[in-house]
file query_28.txt (compact mmCIF, C-alpha atoms)
# COMPACT_ATOMS: atom_id res chain seq x y z
CA MET A 296 26.93 6.93 9.02
CA LYS A 297 24.40 4.12 9.40
CA PRO A 298 22.47 3.24 6.20
CA ARG A 299 18.77 3.99 6.32
CA THR A 300 16.30 1.15 6.29
CA LEU A 301 13.32 1.26 3.98
CA LYS A 302 10.20 0.22 5.88
CA ALA A 303 7.40 1.47 3.62
CA VAL A 304 6.61 2.39 0.04
CA LEU A 305 3.70 4.77 -0.41
CA PHE A 306 1.97 5.15 -3.76
CA ASP A 307 -0.34 7.62 -5.38
CA LEU A 308 -3.41 5.75 -6.67
CA ASP A 309 -4.66 6.94 -10.09
CA GLY A 310 -1.89 7.21 -12.63
CA THR A 311 0.72 5.48 -10.47
CA LEU A 312 -0.50 2.29 -8.80
CA VAL A 313 -3.69 1.75 -10.81
CA ASP A 314 -4.65 2.65 -14.35
CA THR A 315 -8.24 3.91 -14.13
CA ALA A 316 -8.13 5.85 -17.39
CA ASP A 317 -10.44 3.54 -19.35
CA GLU A 318 -13.14 3.90 -16.70
CA PHE A 319 -12.94 7.68 -16.83
CA VAL A 320 -13.02 7.68 -20.63
CA VAL A 321 -16.41 5.95 -20.40
CA VAL A 322 -17.59 8.37 -17.69
CA VAL A 323 -16.53 11.56 -19.49
CA GLN A 324 -18.07 10.34 -22.74
CA ALA A 325 -21.35 9.58 -20.90
CA LEU A 326 -21.31 13.02 -19.26
CA ARG A 327 -20.73 14.64 -22.65
CA ALA A 328 -23.58 12.63 -24.19
CA GLU A 329 -25.91 13.85 -21.43
CA HIS A 330 -25.11 17.39 -22.61
CA ASP A 331 -25.58 16.58 -26.30
CA LEU A 332 -21.84 16.80 -26.94
CA GLY A 333 -20.10 14.37 -29.26
CA PRO A 334 -17.38 11.95 -28.17
CA MET A 335 -14.03 13.38 -27.17
CA ASP A 336 -10.68 11.93 -28.14
CA ALA A 337 -10.02 9.22 -25.55
CA ASP A 338 -6.33 10.09 -25.28
CA ARG A 339 -7.18 13.63 -24.15
CA ILE A 340 -9.30 12.16 -21.36
CA ARG A 341 -6.63 9.59 -20.39
CA ALA A 342 -4.04 12.38 -20.14
CA SER A 343 -6.18 14.21 -17.56
CA VAL A 344 -7.34 11.35 -15.32
CA SER A 345 -4.69 11.80 -12.65
CA ASN A 346 -5.67 15.48 -12.36
CA GLY A 347 -8.97 14.46 -10.74
CA ALA A 348 -12.70 14.89 -11.23
CA ARG A 349 -12.59 18.68 -11.40
CA ALA A 350 -10.15 18.61 -14.31
CA LEU A 351 -12.23 15.97 -16.09
CA VAL A 352 -15.41 18.05 -15.81
CA ASN A 353 -13.55 21.10 -17.06
CA LEU A 354 -12.08 19.12 -19.96
CA GLY A 355 -15.20 17.17 -20.84
CA LEU A 356 -17.75 19.95 -20.65
CA GLY A 357 -15.53 22.97 -21.17
CA ILE A 358 -17.03 24.85 -18.23
CA PRO A 359 -14.84 26.92 -15.92
CA PHE A 360 -14.21 25.79 -12.34
CA ASP A 361 -16.07 28.81 -10.95
CA ALA A 362 -19.21 28.32 -13.05
CA PRO A 363 -22.36 28.07 -10.89
CA GLU A 364 -23.23 24.65 -12.32
CA PHE A 365 -19.71 23.24 -11.97
CA GLU A 366 -20.19 21.41 -8.66
CA THR A 367 -23.40 19.77 -9.88
CA LYS A 368 -21.55 18.50 -12.96
CA ARG A 369 -18.65 17.22 -10.82
CA LEU A 370 -21.06 15.31 -8.60
CA ARG A 371 -22.73 13.84 -11.68
CA LEU A 372 -19.35 12.70 -13.01
CA LEU A 373 -18.66 10.97 -9.68
CA GLU A 374 -22.09 9.35 -9.75
CA LEU A 375 -21.38 7.96 -13.21
CA TYR A 376 -17.94 6.81 -12.03
CA SER A 377 -19.42 4.93 -9.07
CA LYS A 378 -21.36 2.79 -11.56
CA VAL A 379 -18.22 1.65 -13.43
CA LEU A 380 -15.66 1.76 -10.60
CA GLY A 381 -13.37 -1.26 -10.81
CA SER A 382 -14.78 -2.52 -14.11
CA ALA A 383 -11.78 -1.67 -16.29
CA ALA A 384 -9.16 -0.47 -13.80
CA ARG A 385 -5.96 -2.50 -13.56
CA PRO A 386 -2.70 -2.24 -11.65
CA TYR A 387 0.00 -0.91 -13.95
CA ALA A 388 2.37 -3.44 -15.51
CA GLY A 389 5.01 -4.40 -12.98
CA ILE A 390 3.04 -3.30 -9.92
CA LEU A 391 1.93 -6.77 -8.77
CA PRO A 392 5.48 -8.20 -8.96
CA LEU A 393 6.73 -5.11 -7.14
CA LEU A 394 4.19 -5.61 -4.36
CA GLU A 395 5.23 -9.27 -4.11
CA ASP A 396 8.86 -8.19 -3.82
CA LEU A 397 7.98 -5.71 -1.08
CA LYS A 398 6.14 -8.49 0.76
CA ALA A 399 9.15 -10.81 0.47
CA ARG A 400 11.36 -8.07 1.92
CA GLY A 401 8.95 -7.27 4.76
CA ILE A 402 8.34 -3.75 3.48
CA ALA A 403 4.85 -2.37 4.05
CA TRP A 404 3.05 -0.43 1.35
CA GLY A 405 0.24 2.07 1.38
CA VAL A 406 -1.63 4.60 -0.69
CA SER A 407 -1.88 8.37 -0.37
CA THR A 408 -4.43 9.77 -2.78
CA ASN A 409 -6.66 12.75 -3.45
CA LYS A 410 -9.41 10.34 -4.53
CA PRO A 411 -12.17 10.35 -1.88
CA ARG A 412 -12.34 7.22 0.30
CA ALA A 413 -15.81 6.40 -1.06
CA TYR A 414 -14.10 5.59 -4.39
CA ALA A 415 -10.53 4.67 -3.40
CA GLU A 416 -11.35 1.91 -0.92
CA PRO A 417 -13.86 0.04 -3.13
CA LEU A 418 -11.42 0.31 -6.03
CA LEU A 419 -8.56 -1.22 -4.05
CA LYS A 420 -10.88 -3.96 -2.77
CA ALA A 421 -12.20 -4.70 -6.28
CA LEU A 422 -8.61 -5.14 -7.46
CA GLN A 423 -7.85 -7.32 -4.41
CA LEU A 424 -5.17 -4.90 -3.25
CA MET A 425 -6.87 -4.24 0.07
CA ASP A 426 -8.75 -6.61 2.32
CA ALA A 427 -11.27 -5.72 4.99
CA SER A 428 -8.64 -5.50 7.73
CA PRO A 429 -5.13 -5.23 6.31
CA ALA A 430 -2.96 -7.12 8.75
CA ASP A 431 -0.13 -8.41 6.61
CA TYR A 432 2.06 -7.44 3.70
CA ASP A 433 -0.29 -8.89 1.06
CA SER A 434 -2.55 -5.90 1.36
CA CYS A 435 -2.48 -2.13 1.43
CA ARG A 436 -1.50 -1.34 5.02
CA SER A 437 -2.54 2.31 4.92
CA LEU A 438 -4.98 4.20 2.73
CA VAL A 439 -5.08 7.95 3.28
CA CYS A 440 -7.63 9.99 1.36
CA PRO A 441 -8.51 13.69 1.52
CA ASP A 442 -11.36 12.78 3.90
CA ASP A 443 -8.72 11.69 6.46
CA VAL A 444 -6.66 14.87 6.62
CA LYS A 445 -7.09 18.61 6.96
CA ASP A 446 -4.77 19.45 4.05
CA ARG A 447 -4.84 17.30 0.90
CA LYS A 448 -1.82 16.50 -1.24
CA PRO A 449 0.57 17.97 -2.15
CA HIS A 450 0.67 18.91 1.53
CA PRO A 451 2.68 16.21 3.35
CA GLU A 452 0.04 15.59 6.05
CA SER A 453 -1.32 12.50 4.29
CA LEU A 454 2.15 10.96 3.97
CA TYR A 455 2.84 11.55 7.65
CA LEU A 456 -0.43 9.78 8.47
CA ASN A 457 0.54 6.87 6.17
CA CYS A 458 3.82 6.55 8.05
CA ARG A 459 2.09 6.49 11.44
CA GLU A 460 -0.37 3.85 10.21
CA VAL A 461 2.35 1.53 8.90
CA GLY A 462 4.58 2.18 11.90
CA CYS A 463 7.58 3.91 10.40
CA ALA A 464 9.27 7.28 10.53
CA PRO A 465 8.97 9.52 7.45
CA HIS A 466 12.65 9.02 6.61
CA GLU A 467 12.02 5.25 6.44
CA ALA A 468 9.45 5.58 3.62
CA ILE A 469 9.42 6.63 0.00
CA TYR A 470 6.53 8.03 -1.99
CA ILE A 471 5.93 7.26 -5.66
CA GLY A 472 3.51 9.47 -7.57
CA ASP A 473 2.87 10.96 -10.97
CA HIS A 474 2.70 14.60 -9.89
call {"tool": "encode", "arguments": {"input": "query_28.txt", "output": "structure tokens"}}
result
Amino acid sequence: MKPRTLKAVLFDLDGTLVDTADEFVVVVQALRAEHDLGPMDADRIRASVSNGARALVNLGLGIPFDAPEFETKRLRLLELYSKVLGSAARPYAGILPLLEDLKARGIAWGVSTNKPRAYAEPLLKALQLMDASPADYDSCRSLVCPDDVKDRKPHPESLYLNCREVGCAPHEAIYIGDH
């Protein structure tokens, strides 16, 4: 049996490739302050960041997902996030050397995330992980967001699209995520 060749490594964004927790701590605390709620333990917020904006609104304001005002609060959280996006986010320890190693081996890398493109792309650019037209192995070769697919993760559609964009078959890629 012929050994398989690894051609791509695909990462989840928040909680795997990039630590955005400190930005969301600021955002959730600001949202709480707007509702005359006191500060929340930052570790509780950090623990929920990779669950997305809906979970953070639910945690921060204690309102159920089906509450009539829920969507308005989620949009407000995202508005607050857009003002701090990239200000405190950092690649996790070891990520930059890993990306350098992938480059040296000629292995492409990409991102599959449930973070909307309006936030994911500027974040990757702010961290210099994605240039305007990724053409080499220094940069994210494929960014797939829920806006790009019919079915968001955990459905595999986004990973299949990543593979097409980097030019490999699904069995030639691995995915690394926190969920």
call {"tool": "atom_distance", "arguments": {"input": "query_28.txt", "atom1": "atom CA of Ala399 of chain A", "atom2": "atom CA of Lys302 of chain A"}}
result
12.3 Å
call {"tool": "residues_around", "arguments": {"input": "query_28.txt", "residues": "segment 417-423 of chain A", "least_positions_apart": "5", "cutoff": "8 Å", "atoms": "only C-alpha atoms", "output": "CSV table (one decimal) with C-alpha atoms, in the frame of the given file"}}
result
chain,number,residue,atom,x,y,z
A,380,LEU,CA,-15.7,1.8,-10.6
A,381,GLY,CA,-13.4,-1.3,-10.8
A,384,ALA,CA,-9.2,-0.5,-13.8
A,385,ARG,CA,-6.0,-2.5,-13.6
A,386,PRO,CA,-2.7,-2.2,-11.6
A,434,SER,CA,-2.6,-5.9,1.4
call {"tool": "residues_around", "arguments": {"input": "query_28.txt", "residues": "segment 309-324 of chain A", "least_positions_apart": "6", "cutoff": "6 Å", "atoms": "all atoms listed in the file", "output": "list in words"}}
result
Pro334, Ala337, Ile340, Arg341, Val344, Ser345, Gly355, Leu375, Tyr376, Ala383, Ala384, Arg385, Pro386, Tyr387, Gly472 and Asp473 of chain A
call {"tool": "atom_distance", "arguments": {"input": "query_28.txt", "atom1": "atom CA of Ala350 of chain A", "atom2": "atom CA of Leu424 of chain A"}}
result
26.5 Å
call {"tool": "residues_around", "arguments": {"input": "query_28.txt", "residues": "Leu438 of chain A", "least_positions_apart": "4", "cutoff": "8 Å", "atoms": "all atoms listed in the file", "output": "list in words"}}
result
Gly405, Val406, Ser407, Thr408, Glu416 and Asn457 of chain A
call {"tool": "decode", "arguments": {"input": "query_28.txt", "residues": "segment 334-348 of chain A", "atoms": "all heavy atoms", "output": "compact mmCIF listing (two decimals), in the first residue's frame"}}
result
# COMPACT_ATOMS: atom_id res chain seq x y z
N PRO A 334 -19.50 43.35 35.68
CA PRO A 334 -18.53 42.52 34.95
C PRO A 334 -18.73 41.03 35.26
O PRO A 334 -19.14 40.66 36.36
CB PRO A 334 -17.18 43.00 35.47
CG PRO A 334 -17.43 44.34 36.07
CD PRO A 334 -18.85 44.33 36.55
N MET A 335 -18.41 40.22 34.28
CA MET A 335 -18.50 38.77 34.41
C MET A 335 -17.08 38.24 34.53
O MET A 335 -16.14 38.83 33.98
CB MET A 335 -19.19 38.20 33.17
CG MET A 335 -19.23 36.69 33.11
SD MET A 335 -20.17 36.11 31.68
CE MET A 335 -21.79 36.08 32.41
N ASP A 336 -16.93 37.12 35.19
CA ASP A 336 -15.62 36.48 35.29
C ASP A 336 -15.06 36.23 33.88
O ASP A 336 -15.70 35.58 33.05
CB ASP A 336 -15.74 35.16 36.05
CG ASP A 336 -14.42 34.43 36.15
OD1 ASP A 336 -13.46 35.01 36.69
OD2 ASP A 336 -14.35 33.30 35.64
N ALA A 337 -13.88 36.77 33.63
CA ALA A 337 -13.28 36.70 32.30
C ALA A 337 -13.04 35.26 31.86
O ALA A 337 -13.17 34.94 30.66
CB ALA A 337 -11.97 37.48 32.26
N ASP A 338 -12.73 34.37 32.77
CA ASP A 338 -12.49 32.97 32.40
C ASP A 338 -13.75 32.29 31.88
O ASP A 338 -13.67 31.42 31.01
CB ASP A 338 -11.91 32.19 33.58
CG ASP A 338 -10.46 32.57 33.85
OD1 ASP A 338 -9.78 33.07 32.92
OD2 ASP A 338 -10.01 32.37 34.99
N ARG A 339 -14.90 32.68 32.39
CA ARG A 339 -16.17 32.12 31.87
C ARG A 339 -16.36 32.54 30.42
O ARG A 339 -16.82 31.76 29.58
CB ARG A 339 -17.36 32.60 32.70
CG ARG A 339 -17.46 31.91 34.05
CD ARG A 339 -18.73 32.29 34.77
NE ARG A 339 -19.91 31.77 34.08
CZ ARG A 339 -21.14 32.27 34.22
NH1 ARG A 339 -21.34 33.31 35.03
NH2 ARG A 339 -22.15 31.76 33.58
N ILE A 340 -16.02 33.79 30.12
CA ILE A 340 -16.15 34.29 28.75
C ILE A 340 -15.15 33.57 27.85
O ILE A 340 -15.52 33.07 26.77
CB ILE A 340 -15.97 35.81 28.69
CG1 ILE A 340 -17.03 36.51 29.54
CG2 ILE A 340 -16.00 36.31 27.24
CD1 ILE A 340 -16.78 37.98 29.81
N ARG A 341 -13.89 33.50 28.29
CA ARG A 341 -12.85 32.83 27.49
C ARG A 341 -13.25 31.40 27.15
O ARG A 341 -13.00 30.93 26.05
CB ARG A 341 -11.52 32.83 28.24
CG ARG A 341 -10.80 34.13 28.22
CD ARG A 341 -9.41 34.01 28.87
NE ARG A 341 -8.82 35.32 28.99
CZ ARG A 341 -8.91 36.10 30.07
NH1 ARG A 341 -9.54 35.66 31.14
NH2 ARG A 341 -8.37 37.28 30.08
N ALA A 342 -13.87 30.71 28.08
CA ALA A 342 -14.25 29.31 27.88
C ALA A 342 -15.34 29.15 26.82
O ALA A 342 -15.52 28.06 26.29
CB ALA A 342 -14.70 28.69 29.20
N SER A 343 -16.05 30.23 26.51
CA SER A 343 -17.16 30.15 25.56
C SER A 343 -16.86 30.75 24.19
O SER A 343 -17.68 30.66 23.29
CB SER A 343 -18.39 30.85 26.13
OG SER A 343 -18.88 30.13 27.23
N VAL A 344 -15.71 31.37 24.03
CA VAL A 344 -15.41 32.10 22.78
C VAL A 344 -15.55 31.21 21.55
O VAL A 344 -16.15 31.61 20.55
CB VAL A 344 -14.01 32.76 22.84
CG1 VAL A 344 -13.56 33.24 21.48
CG2 VAL A 344 -14.05 33.92 23.82
N SER A 345 -15.00 30.01 21.59
CA SER A 345 -15.04 29.18 20.38
C SER A 345 -16.43 28.65 20.08
O SER A 345 -16.65 28.03 19.04
CB SER A 345 -14.02 28.05 20.46
OG SER A 345 -14.35 27.16 21.48
N ASN A 346 -17.40 28.90 20.96
CA ASN A 346 -18.79 28.50 20.70
C ASN A 346 -19.54 29.53 19.87
O ASN A 346 -20.69 29.30 19.49
CB ASN A 346 -19.51 28.23 22.01
CG ASN A 346 -18.94 27.04 22.74
OD1 ASN A 346 -18.54 26.06 22.12
ND2 ASN A 346 -18.88 27.14 24.05
N GLY A 347 -18.93 30.69 19.63
CA GLY A 347 -19.52 31.69 18.74
C GLY A 347 -20.31 32.78 19.44
O GLY A 347 -20.51 32.79 20.66
N ALA A 348 -20.76 33.73 18.60
CA ALA A 348 -21.45 34.93 19.09
C ALA A 348 -22.75 34.60 19.80
O ALA A 348 -23.08 35.22 20.81
CB ALA A 348 -21.70 35.89 17.93
